[in-house]
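S.K.: Below is final08.pdb; it holds PDB, C-alpha atoms.
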ATOM      1  CA  THR A 145      33.572  15.630  39.729  1.00  0.00           C
ATOM      2  CA  ARG A 146      34.176  12.153  38.332  1.00  0.00           C
ATOM      3  CA  TRP A 147      33.679  13.361  34.752  1.00  0.00           C
ATOM      4  CA  ILE A 148      36.620  15.739  35.202  1.00  0.00           C
ATOM      5  CA  LEU A 149      38.782  13.710  37.577  1.00  0.00           C
ATOM      6  CA  GLN A 150      38.925  10.438  35.636  1.00  0.00           C
ATOM      7  CA  PRO A 151      40.462  11.776  32.388  1.00  0.00           C
ATOM      8  CA  LEU A 152      42.780  14.034  34.383  1.00  0.00           C
ATOM      9  CA  VAL A 153      44.083  11.037  36.323  1.00  0.00           C
ATOM     10  CA  SER A 154      44.722   9.206  33.038  1.00  0.00           C
ATOM     11  CA  GLU A 155      46.557  12.170  31.544  1.00  0.00           C
ATOM     12  CA  ALA A 156      48.557  12.686  34.742  1.00  0.00           C
ATOM     13  CA  ALA A 157      49.607   9.020  34.706  1.00  0.00           C
ATOM     14  CA  VAL A 158      50.843   9.295  31.109  1.00  0.00           C
ATOM     15  CA  ALA A 159      52.709  12.537  31.869  1.00  0.00           C
ATOM     16  CA  ALA A 160      54.271  10.969  34.963  1.00  0.00           C
ATOM     17  CA  CYS A 161      55.479   8.022  32.868  1.00  0.00           C
ATOM     18  CA  LEU A 162      57.152  10.296  30.315  1.00  0.00           C
ATOM     19  CA  ILE A 163      58.831  12.311  33.065  1.00  0.00           C
ATOM     20  CA  TYR A 164      59.919   9.112  34.808  1.00  0.00           C
ATOM     21  CA  VAL A 165      61.593   7.866  31.637  1.00  0.00           C
ATOM     22  CA  HIS A 166      63.586  11.102  31.308  1.00  0.00           C
ATOM     23  CA  VAL A 167      64.767  11.239  34.923  1.00  0.00           C
ATOM     24  CA  ALA A 168      65.414   7.523  35.425  1.00  0.00           C
ATOM     25  CA  GLY A 169      68.744   6.073  34.443  1.00  0.00           C
ATOM     26  CA  VAL A 170      67.805   3.963  31.429  1.00  0.00           C
ATOM     27  CA  SER A 171      69.831   2.503  28.576  1.00  0.00           C
ATOM     28  CA  GLU A 172      69.641   3.715  24.985  1.00  0.00           C
ATOM     29  CA  SER A 173      67.540   0.700  23.973  1.00  0.00           C
ATOM     30  CA  GLU A 174      65.055   1.481  26.759  1.00  0.00           C
ATOM     31  CA  LYS A 175      64.890   5.114  25.676  1.00  0.00           C
ATOM     32  CA  ARG A 176      64.028   4.024  22.139  1.00  0.00           C
ATOM     33  CA  SER A 177      61.353   1.574  23.280  1.00  0.00           C
ATOM     34  CA  LEU A 178      59.882   4.178  25.647  1.00  0.00           C
ATOM     35  CA  GLY A 179      60.083   7.041  23.181  1.00  0.00           C
ATOM     36  CA  VAL A 180      56.868   8.771  22.124  1.00  0.00           C
ATOM     37  CA  PRO A 181      56.945   7.446  18.500  1.00  0.00           C
ATOM     38  CA  ASN A 182      57.211   3.833  19.674  1.00  0.00           C
ATOM     39  CA  LEU A 183      54.576   4.352  22.381  1.00  0.00           C
ATOM     40  CA  LEU A 184      52.150   5.760  19.792  1.00  0.00           C
ATOM     41  CA  GLU A 185      52.793   2.769  17.525  1.00  0.00           C
ATOM     42  CA  LEU A 186      52.127   0.345  20.382  1.00  0.00           C
ATOM     43  CA  LEU A 187      48.995   2.304  21.331  1.00  0.00           C
ATOM     44  CA  GLY A 188      47.748   1.993  17.758  1.00  0.00           C
ATOM     45  CA  GLN A 189      48.308  -1.779  17.795  1.00  0.00           C
ATOM     46  CA  HIS A 190      46.574  -2.060  21.179  1.00  0.00           C
ATOM     47  CA  MET A 191      43.513  -0.110  20.067  1.00  0.00           C
ATOM     48  CA  SER A 192      43.389  -1.932  16.721  1.00  0.00           C
ATOM     49  CA  VAL A 193      43.060  -5.302  18.457  1.00  0.00           C
ATOM     50  CA  SER A 194      40.687  -3.943  21.123  1.00  0.00           C
ATOM     51  CA  VAL A 195      38.319  -2.155  18.737  1.00  0.00           C
ATOM     52  CA  ALA A 196      38.237  -5.099  16.313  1.00  0.00           C
ATOM     53  CA  ALA A 197      37.372  -7.489  19.155  1.00  0.00           C
ATOM     54  CA  THR A 198      34.696  -5.120  20.511  1.00  0.00           C
ATOM     55  CA  VAL A 199      33.075  -4.624  17.091  1.00  0.00           C
ATOM     56  CA  LEU A 200      33.067  -8.385  16.493  1.00  0.00           C
ATOM     57  CA  THR A 201      31.608  -8.998  19.949  1.00  0.00           C
ATOM     58  CA  CYS A 202      28.838  -6.458  19.279  1.00  0.00           C
ATOM     59  CA  ALA A 203      28.137  -7.946  15.843  1.00  0.00           C
ATOM     60  CA  ILE A 204      27.625 -11.356  17.446  1.00  0.00           C
ATOM     61  CA  GLY A 205      26.346 -10.500  20.924  1.00  0.00           C
ATOM     62  CA  ILE A 206      23.613  -7.950  20.161  1.00  0.00           C
ATOM     63  CA  PRO A 207      21.800 -10.016  17.473  1.00  0.00           C
ATOM     64  CA  LEU A 208      22.154 -13.089  19.693  1.00  0.00           C
ATOM     65  CA  GLY A 209      20.686 -11.182  22.643  1.00  0.00           C
ATOM     66  CA  ILE A 210      17.783  -9.981  20.500  1.00  0.00           C
ATOM     67  CA  ALA A 211      17.142 -13.523  19.248  1.00  0.00           C
ATOM     68  CA  LEU A 212      17.051 -14.809  22.837  1.00  0.00           C
ATOM     69  CA  THR A 213      14.093 -12.530  23.620  1.00  0.00           C
ATOM     70  CA  ARG A 214      12.035 -13.685  20.624  1.00  0.00           C
ATOM     71  CA  GLY A 215       9.497 -16.520  20.670  1.00  0.00           C
ATOM     72  CA  ARG A 216      10.815 -20.038  21.195  1.00  0.00           C
ATOM     73  CA  MET A 217      14.400 -18.866  21.602  1.00  0.00           C
ATOM     74  CA  ARG A 218      13.481 -17.259  24.924  1.00  0.00           C
ATOM     75  CA  ARG A 219      13.643 -20.634  26.667  1.00  0.00           C
ATOM     76  CA  TYR A 220      17.313 -20.961  25.706  1.00  0.00           C
ATOM     77  CA  SER A 221      18.373 -17.551  27.034  1.00  0.00           C
ATOM     78  CA  LYS A 222      19.658 -18.725  30.422  1.00  0.00           C
ATOM     79  CA  PRO A 223      21.695 -21.691  29.079  1.00  0.00           C
ATOM     80  CA  ILE A 224      23.255 -19.559  26.328  1.00  0.00           C
ATOM     81  CA  ILE A 225      24.108 -16.722  28.738  1.00  0.00           C
ATOM     82  CA  THR A 226      25.688 -19.336  31.008  1.00  0.00           C
ATOM     83  CA  VAL A 227      27.783 -20.606  28.097  1.00  0.00           C
ATOM     84  CA  ALA A 228      28.757 -17.016  27.219  1.00  0.00           C
ATOM     85  CA  GLY A 229      29.895 -16.631  30.814  1.00  0.00           C
ATOM     86  CA  PHE A 230      32.488 -19.366  30.321  1.00  0.00           C
ATOM     87  CA  GLY A 231      34.601 -16.794  28.460  1.00  0.00           C
ATOM     88  CA  GLN A 232      35.051 -14.737  31.617  1.00  0.00           C
ATOM     89  CA  ALA A 233      35.213 -17.747  33.911  1.00  0.00           C
ATOM     90  CA  ALA A 234      38.235 -19.039  32.000  1.00  0.00           C
ATOM     91  CA  PRO A 235      41.612 -17.363  32.646  1.00  0.00           C
ATOM     92  CA  ALA A 236      42.192 -14.604  30.084  1.00  0.00           C
ATOM     93  CA  SER A 237      45.764 -15.738  29.490  1.00  0.00           C
ATOM     94  CA  GLY A 238      44.521 -19.252  28.736  1.00  0.00           C
ATOM     95  CA  LEU A 239      41.964 -17.976  26.232  1.00  0.00           C
ATOM     96  CA  ILE A 240      44.573 -15.889  24.409  1.00  0.00           C
ATOM     97  CA  ALA A 241      47.014 -18.795  24.358  1.00  0.00           C
ATOM     98  CA  LEU A 242      44.269 -21.076  22.997  1.00  0.00           C
ATOM     99  CA  GLY A 243      43.472 -18.501  20.318  1.00  0.00           C
ATOM    100  CA  ALA A 244      47.126 -18.474  19.284  1.00  0.00           C
ATOM    101  CA  VAL A 245      47.189 -22.268  19.092  1.00  0.00           C
ATOM    102  CA  ILE A 246      44.053 -22.434  16.920  1.00  0.00           C
ATOM    103  CA  PHE A 247      44.506 -19.330  14.744  1.00  0.00           C
ATOM    104  CA  GLY A 248      48.257 -18.849  14.907  1.00  0.00           C
ATOM    105  CA  ILE A 249      50.539 -16.233  16.408  1.00  0.00           C
ATOM    106  CA  GLY A 250      49.437 -12.661  15.766  1.00  0.00           C
ATOM    107  CA  GLU A 251      46.384 -10.436  15.914  1.00  0.00           C
ATOM    108  CA  LEU A 252      43.726 -12.873  14.665  1.00  0.00           C
ATOM    109  CA  GLY A 253      44.023 -15.330  17.542  1.00  0.00           C
ATOM    110  CA  ALA A 254      44.046 -12.475  20.071  1.00  0.00           C
ATOM    111  CA  ILE A 255      40.956 -10.847  18.523  1.00  0.00           C
ATOM    112  CA  VAL A 256      38.985 -14.106  18.587  1.00  0.00           C
ATOM    113  CA  ALA A 257      39.996 -14.793  22.205  1.00  0.00           C
ATOM    114  CA  LEU A 258      39.081 -11.262  23.318  1.00  0.00           C
ATOM    115  CA  THR A 259      35.749 -11.561  21.494  1.00  0.00           C
ATOM    116  CA  VAL A 260      34.900 -14.663  23.535  1.00  0.00           C
ATOM    117  CA  TYR A 261      36.110 -12.919  26.701  1.00  0.00           C
ATOM    118  CA  GLY A 262      33.886  -9.874  26.169  1.00  0.00           C
ATOM    119  CA  ALA A 263      30.732 -11.657  25.003  1.00  0.00           C
ATOM    120  CA  LEU A 264      28.897 -12.027  28.324  1.00  0.00           C
ATOM    121  CA  PRO A 265      28.195  -8.349  29.195  1.00  0.00           C
ATOM    122  CA  ILE A 266      26.798  -7.576  25.747  1.00  0.00           C
ATOM    123  CA  VAL A 267      24.593 -10.668  25.436  1.00  0.00           C
ATOM    124  CA  ALA A 268      23.341 -10.419  29.020  1.00  0.00           C
ATOM    125  CA  ASN A 269      22.632  -6.676  28.864  1.00  0.00           C
ATOM    126  CA  THR A 270      20.836  -6.975  25.533  1.00  0.00           C
ATOM    127  CA  VAL A 271      18.519  -9.627  26.978  1.00  0.00           C
ATOM    128  CA  THR A 272      18.041  -7.676  30.214  1.00  0.00           C
ATOM    129  CA  GLY A 273      17.365  -4.399  28.386  1.00  0.00           C
ATOM    130  CA  LEU A 274      14.773  -5.876  26.036  1.00  0.00           C
ATOM    131  CA  ASP A 275      13.079  -7.890  28.792  1.00  0.00           C
ATOM    132  CA  GLY A 276      12.856  -4.702  30.855  1.00  0.00           C
ATOM    133  CA  VAL A 277      10.750  -2.850  28.268  1.00  0.00           C
ATOM    134  CA  ASP A 278       7.202  -2.331  29.503  1.00  0.00           C
ATOM    135  CA  ALA A 279       4.984  -4.911  27.778  1.00  0.00           C
ATOM    136  CA  ARG A 280       2.177  -2.331  27.570  1.00  0.00           C
ATOM    137  CA  LEU A 281       4.330  -0.163  25.294  1.00  0.00           C
ATOM    138  CA  VAL A 282       5.006  -3.126  23.030  1.00  0.00           C
ATOM    139  CA  GLU A 283       1.300  -3.942  22.895  1.00  0.00           C
ATOM    140  CA  ALA A 284       0.504  -0.313  22.150  1.00  0.00           C
ATOM    141  CA  GLY A 285       2.897  -0.401  19.203  1.00  0.00           C
ATOM    142  CA  ARG A 286       1.354  -3.588  17.884  1.00  0.00           C
ATOM    143  CA  GLY A 287      -2.082  -2.067  18.364  1.00  0.00           C
ATOM    144  CA  MET A 288      -1.050   0.840  16.118  1.00  0.00           C
ATOM    145  CA  GLY A 289      -0.422  -1.640  13.315  1.00  0.00           C
ATOM    146  CA  MET A 290       3.348  -2.034  13.703  1.00  0.00           C
ATOM    147  CA  SER A 291       4.895  -5.337  12.715  1.00  0.00           C
ATOM    148  CA  SER A 292       7.019  -7.246  15.217  1.00  0.00           C
ATOM    149  CA  THR A 293      10.194  -6.001  13.462  1.00  0.00           C
ATOM    150  CA  SER A 294       8.971  -2.411  13.459  1.00  0.00           C
ATOM    151  CA  THR A 295       8.055  -2.649  17.138  1.00  0.00           C
ATOM    152  CA  LEU A 296      11.509  -3.983  17.917  1.00  0.00           C
ATOM    153  CA  LEU A 297      13.294  -1.236  15.991  1.00  0.00           C
ATOM    154  CA  ARG A 298      11.084   1.701  16.949  1.00  0.00           C
ATOM    155  CA  VAL A 299       9.958   0.839  20.490  1.00  0.00           C
ATOM    156  CA  GLU A 300      11.992  -1.883  22.193  1.00  0.00           C
ATOM    157  CA  LEU A 301      15.546  -1.158  21.064  1.00  0.00           C
ATOM    158  CA  PRO A 302      15.411   2.619  21.749  1.00  0.00           C
ATOM    159  CA  LEU A 303      14.144   1.937  25.275  1.00  0.00           C
ATOM    160  CA  ALA A 304      16.692  -0.833  25.874  1.00  0.00           C
ATOM    161  CA  LEU A 305      19.586   1.167  24.369  1.00  0.00           C
ATOM    162  CA  PRO A 306      21.016   2.541  27.656  1.00  0.00           C
ATOM    163  CA  VAL A 307      21.314  -0.966  29.112  1.00  0.00           C
ATOM    164  CA  ILE A 308      22.814  -2.358  25.882  1.00  0.00           C
ATOM    165  CA  VAL A 309      25.351   0.469  25.657  1.00  0.00           C
ATOM    166  CA  ALA A 310      26.300  -0.148  29.298  1.00  0.00           C
ATOM    167  CA  GLY A 311      27.090  -3.745  28.341  1.00  0.00           C
ATOM    168  CA  VAL A 312      29.188  -2.592  25.389  1.00  0.00           C
ATOM    169  CA  ARG A 313      31.091  -0.212  27.696  1.00  0.00           C
ATOM    170  CA  THR A 314      31.805  -2.992  30.177  1.00  0.00           C
ATOM    171  CA  ALA A 315      32.990  -5.306  27.392  1.00  0.00           C
ATOM    172  CA  LEU A 316      35.198  -2.595  25.874  1.00  0.00           C
ATOM    173  CA  VAL A 317      36.939  -1.849  29.181  1.00  0.00           C
ATOM    174  CA  LEU A 318      37.463  -5.572  29.837  1.00  0.00           C
ATOM    175  CA  ILE A 319      38.872  -6.073  26.344  1.00  0.00           C
ATOM    176  CA  VAL A 320      41.195  -3.039  26.491  1.00  0.00           C
ATOM    177  CA  GLY A 321      42.643  -4.156  29.817  1.00  0.00           C
ATOM    178  CA  THR A 322      42.998  -7.794  28.792  1.00  0.00           C
ATOM    179  CA  ALA A 323      44.494  -6.929  25.380  1.00  0.00           C
ATOM    180  CA  ALA A 324      47.803  -6.317  27.181  1.00  0.00           C
ATOM    181  CA  LEU A 325      48.141 -10.110  27.446  1.00  0.00           C
ATOM    182  CA  ALA A 326      47.928 -10.382  23.650  1.00  0.00           C
ATOM    183  CA  ALA A 327      51.535  -9.216  23.451  1.00  0.00           C
ATOM    184  CA  PHE A 328      52.602 -12.650  24.720  1.00  0.00           C
ATOM    185  CA  THR A 329      51.220 -14.179  21.496  1.00  0.00           C
ATOM    186  CA  GLY A 330      52.728 -11.644  19.104  1.00  0.00           C
ATOM    187  CA  ALA A 331      49.744  -9.292  18.730  1.00  0.00           C
ATOM    188  CA  GLY A 332      51.722  -6.245  19.874  1.00  0.00           C
ATOM    189  CA  GLY A 333      50.191  -3.423  21.870  1.00  0.00           C
ATOM    190  CA  LEU A 334      51.185  -1.772  25.123  1.00  0.00           C
ATOM    191  CA  GLY A 335      51.545  -5.177  26.726  1.00  0.00           C
ATOM    192  CA  GLN A 336      54.735  -5.535  24.684  1.00  0.00           C
ATOM    193  CA  LEU A 337      56.384  -3.139  27.135  1.00  0.00           C
ATOM    194  CA  ILE A 338      55.452  -5.494  29.967  1.00  0.00           C
ATOM    195  CA  THR A 339      56.788  -8.570  28.157  1.00  0.00           C
ATOM    196  CA  THR A 340      60.007  -6.725  27.271  1.00  0.00           C
ATOM    197  CA  GLY A 341      60.438  -5.558  30.845  1.00  0.00           C
ATOM    198  CA  ILE A 342      60.019  -9.116  32.139  1.00  0.00           C
ATOM    199  CA  LYS A 343      62.300 -10.759  29.565  1.00  0.00           C
ATOM    200  CA  LEU A 344      65.125  -8.214  29.785  1.00  0.00           C
ATOM    201  CA  GLN A 345      64.607  -7.394  33.480  1.00  0.00           C
ATOM    202  CA  GLN A 346      64.029  -3.723  32.670  1.00  0.00           C
ATOM    203  CA  SER A 347      62.035  -2.473  35.628  1.00  0.00           C
ATOM    204  CA  VAL A 348      61.438   0.987  34.149  1.00  0.00           C
ATOM    205  CA  THR A 349      59.928  -0.477  30.961  1.00  0.00           C
ATOM    206  CA  LEU A 350      57.794  -2.868  33.010  1.00  0.00           C
ATOM    207  CA  VAL A 351      56.430  -0.133  35.297  1.00  0.00           C
ATOM    208  CA  VAL A 352      55.738   2.272  32.420  1.00  0.00           C
ATOM    209  CA  GLY A 353      53.940  -0.455  30.445  1.00  0.00           C
ATOM    210  CA  ALA A 354      51.734  -1.407  33.394  1.00  0.00           C
ATOM    211  CA  ILE A 355      50.826   2.220  34.163  1.00  0.00           C
ATOM    212  CA  LEU A 356      50.039   3.034  30.530  1.00  0.00           C
ATOM    213  CA  VAL A 357      47.712   0.023  30.199  1.00  0.00           C
ATOM    214  CA  ALA A 358      45.888   1.044  33.394  1.00  0.00           C
ATOM    215  CA  ALA A 359      45.662   4.684  32.255  1.00  0.00           C
ATOM    216  CA  LEU A 360      44.292   3.635  28.865  1.00  0.00           C
ATOM    217  CA  ALA A 361      41.620   1.422  30.444  1.00  0.00           C
ATOM    218  CA  LEU A 362      40.641   4.266  32.781  1.00  0.00           C
ATOM    219  CA  PHE A 363      40.390   6.758  29.904  1.00  0.00           C
ATOM    220  CA  ILE A 364      38.401   4.339  27.715  1.00  0.00           C
ATOM    221  CA  ASP A 365      35.986   3.758  30.600  1.00  0.00           C
ATOM    222  CA  TRP A 366      35.431   7.536  30.890  1.00  0.00           C
ATOM    223  CA  LEU A 367      35.031   7.952  27.124  1.00  0.00           C
ATOM    224  CA  ALA A 368      32.552   5.059  26.952  1.00  0.00           C
ATOM    225  CA  ARG A 369      30.528   6.571  29.802  1.00  0.00           C
ATOM    226  CA  VAL A 370      30.285   9.836  27.860  1.00  0.00           C
ATOM    227  CA  VAL A 371      29.080   7.933  24.771  1.00  0.00           C
ATOM    228  CA  GLU A 372      26.629   5.981  26.936  1.00  0.00           C
ATOM    229  CA  MET A 373      25.194   9.227  28.295  1.00  0.00           C
ATOM    230  CA  LEU A 374      24.890  10.778  24.814  1.00  0.00           C
ATOM    231  CA  ALA A 375      23.330   7.594  23.378  1.00  0.00           C
ATOM    232  CA  SER A 376      20.521   7.513  25.947  1.00  0.00           C
ATOM    233  CA  PRO A 377      17.228   8.640  24.374  1.00  0.00           C
ATOM    234  CA  LYS A 378      16.077  12.015  25.674  1.00  0.00           C
ATOM    235  CA  GLY A 379      13.501  11.825  28.421  1.00  0.00           C
ATOM    236  CA  LEU A 380      14.704   8.478  29.831  1.00  0.00           C
TER     237      LEU A 380
END
Using structure tokens, write down the structure from this file.
M.R.:
Amino acid sequence: TRWILQPLVSEAAVAACLIYVHVAGVSESEKRSLGVPNLLELLGQHMSVSVAATVLTCAIGIPLGIALTRGRMRRYSKPIITVAGFGQAAPASGLIALGAVIFGIGELGAIVALTVYGALPIVANTVTGLDGVDARLVEAGRGMGMSSTSTLLRVELPLALPVIVAGVRTALVLIVGTAALAAFTGAGGLGQLITTGIKLQQSVTLVVGAILVAALALFIDWLARVVEMLASPKGL
């Protein structure tokens, strides 16, 4: 039921927003900002920042998680995961503002801040997934003459993949939801509707922006769950 209900709720929320804009008494400027062409442009900006931050987080977090399960680096896994957790412990708005101060107004600062914010689930799940692989399977691979790299790629990572993908899904949903705050530092996205609604006291724009961000996060969560299910090796 959830597989059908979740995307339907997202679609219903978007449809309700479009209907609300048509029936509510809004000004011409609000109609333009809430028109479908502008909403699609803002959606593109939102996803551009979110996907870039997620890809960067994966590019850093997964290799780091793998390294923390190898040899001498294993002893540093808990301290590094604790440090990675600082990203989520800190207020998201503060991280994005700090990114804007260091890297300037625009997308770059927002992407870096969101990368820090989404690091913990990916690093932690990569370590947990690899540590959860049965040691007997690893030894069996080594006994068949596999190198440590071959064992990692052909035995450990395939078995740990569901847990790693779950971490990527969690990070993606966190990043998509938090990316709305990036509008305050000039990165655009659906959060721009929220900032416009607050600045100009346009309640319709504010409500539509908030609902669209929530609907997008809900839809991305469903889509990521589908990918997670498809990515799981058969038989697990």
S.K.: Given the file shown, enumerate the residues that the PyMOL selection byres ((chain A and resi 199-206) around 10) captures and present them as a compact mmCIF listing (two decimals) with C-alpha atoms, in the frame of the given file.
M.R.:
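After the write, result.txt holds the following:
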# COMPACT_ATOMS: atom_id res chain seq x y z
CA SER A 194 40.69 -3.94 21.12
CA VAL A 195 38.32 -2.15 18.74
CA ALA A 196 38.24 -5.10 16.31
CA ALA A 197 37.37 -7.49 19.16
CA THR A 198 34.70 -5.12 20.51
CA PRO A 207 21.80 -10.02 17.47
CA LEU A 208 22.15 -13.09 19.69
CA GLY A 209 20.69 -11.18 22.64
CA ILE A 210 17.78 -9.98 20.50
CA ALA A 211 17.14 -13.52 19.25
CA LEU A 212 17.05 -14.81 22.84
CA ALA A 228 28.76 -17.02 27.22
CA ILE A 255 40.96 -10.85 18.52
CA VAL A 256 38.98 -14.11 18.59
CA LEU A 258 39.08 -11.26 23.32
CA THR A 259 35.75 -11.56 21.49
CA VAL A 260 34.90 -14.66 23.54
CA TYR A 261 36.11 -12.92 26.70
CA GLY A 262 33.89 -9.87 26.17
CA ALA A 263 30.73 -11.66 25.00
CA LEU A 264 28.90 -12.03 28.32
CA PRO A 265 28.20 -8.35 29.20
CA ILE A 266 26.80 -7.58 25.75
CA VAL A 267 24.59 -10.67 25.44
CA ALA A 268 23.34 -10.42 29.02
CA ASN A 269 22.63 -6.68 28.86
CA THR A 270 20.84 -6.98 25.53
CA VAL A 271 18.52 -9.63 26.98
CA ILE A 308 22.81 -2.36 25.88
CA GLY A 311 27.09 -3.74 28.34
CA VAL A 312 29.19 -2.59 25.39
CA ALA A 315 32.99 -5.31 27.39
CA LEU A 316 35.20 -2.60 25.87
S.K.: What is the distance between atom CA of Val351 of chain A and atom CA of Ala233 of chain A, in Å to one decimal?
M.R.: 27.6 Å
S.K.: I need the residue nearest Gly341 of chain A from this list: A:Leu162, A:Leu178, A:Ala326, A:Ala156. Use all atoms listed in the file for the distance.
M.R.: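 So, comparing all the options, the nearest one is A:Leu178.
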S.K.: Write out as an MDAnalysis selection string which residues come within 12 Å of Ala159 of chain A when counting only C-alpha atoms, dropping same-chain ones fewer than 6 positions away.
M.R.: chainID A and resid 152:153 165:166 180 352 355:356 359
S.K.: Tell me, as an mmCIF file with C-alpha atoms, in the coordinates of the input, which residues lie within 8 Å of Glu251 of chain A, counting all atoms listed in the file; anything in the same chain fewer than 6 positions away does not count.
M.R.:
data_model
loop_
_atom_site.group_PDB
_atom_site.id
_atom_site.type_symbol
_atom_site.label_atom_id
_atom_site.label_comp_id
_atom_site.auth_asym_id
_atom_site.auth_seq_id
_atom_site.Cartn_x
_atom_site.Cartn_y
_atom_site.Cartn_z
ATOM 1 C CA VAL A 193 43.060 -5.302 18.457
ATOM 2 C CA ALA A 326 47.928 -10.382 23.650
ATOM 3 C CA GLY A 330 52.728 -11.644 19.104
ATOM 4 C CA ALA A 331 49.744 -9.292 18.730
ATOM 5 C CA GLY A 332 51.722 -6.245 19.874
#
S.K.: Under the rule that all atoms listed in the file are counted, which of A:Leu252, A:Val167, A:Ile240, A:Val307 is the nearest residue to Arg369 of chain A?
M.R.: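 Among A:Leu252, A:Val167, A:Ile240, A:Val307, it is A:Val307 that comes nearest to Arg369 of chain A.
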S.K.: Between A:Leu367, A:Leu337, A:Ala284, A:Val277, which residue has the minimum interatomic distance to Leu303 of chain A, considering all atoms listed in the file?
M.R.: A:Val277
S.K.: Grab the atom CA of Ile225 of chain A to atom CA of Leu362 of chain A distance for me, in Å with one decimal place.
M.R.: 27.0 Å
S.K.: Which distance in Å separates atom CA of Leu334 of chain A and atom CA of Gln189 of chain A, to one decimal?
M.R.: 7.9 Å
S.K.: Box for segment 179-186 of chain A: with edges along x, y and z, all listed atoms inside and 6 Å added on each side, what are the centre and edge lengths in Å to one decimal, as lines of an AutoDock Vina configuration file?
M.R.:
center_x = 56.1
center_y = 4.6
center_z = 20.4
size_x = 20.0
size_y = 20.4
size_z = 17.7
S.K.: Which residue is closest to Ala310 of chain A? Choose from A:Val348, A:Ile342, A:Leu374, A:Leu183 and count only C-alpha atoms.
M.R.: A:Leu374
S.K.: Counting only C-alpha atoms, figure out which residue out of A:Gly333, A:Phe328, A:Ser221, A:Gly285 gets nearest to Leu184 of chain A.
M.R.: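 Residue with the minimum atom-to-atom distance to Leu184 of chain A: A:Gly333.
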S.K.: Need the shell around Ala279 of chain A: protein/DNA/RNA residues with any atom at most 12 Å away, counting only C-alpha atoms. Skip same-chain ones fewer than 2 positions apart. Format as a ChimeraX atom specification?
M.R.: /A:274-277,281-286,295-296,299-300,303
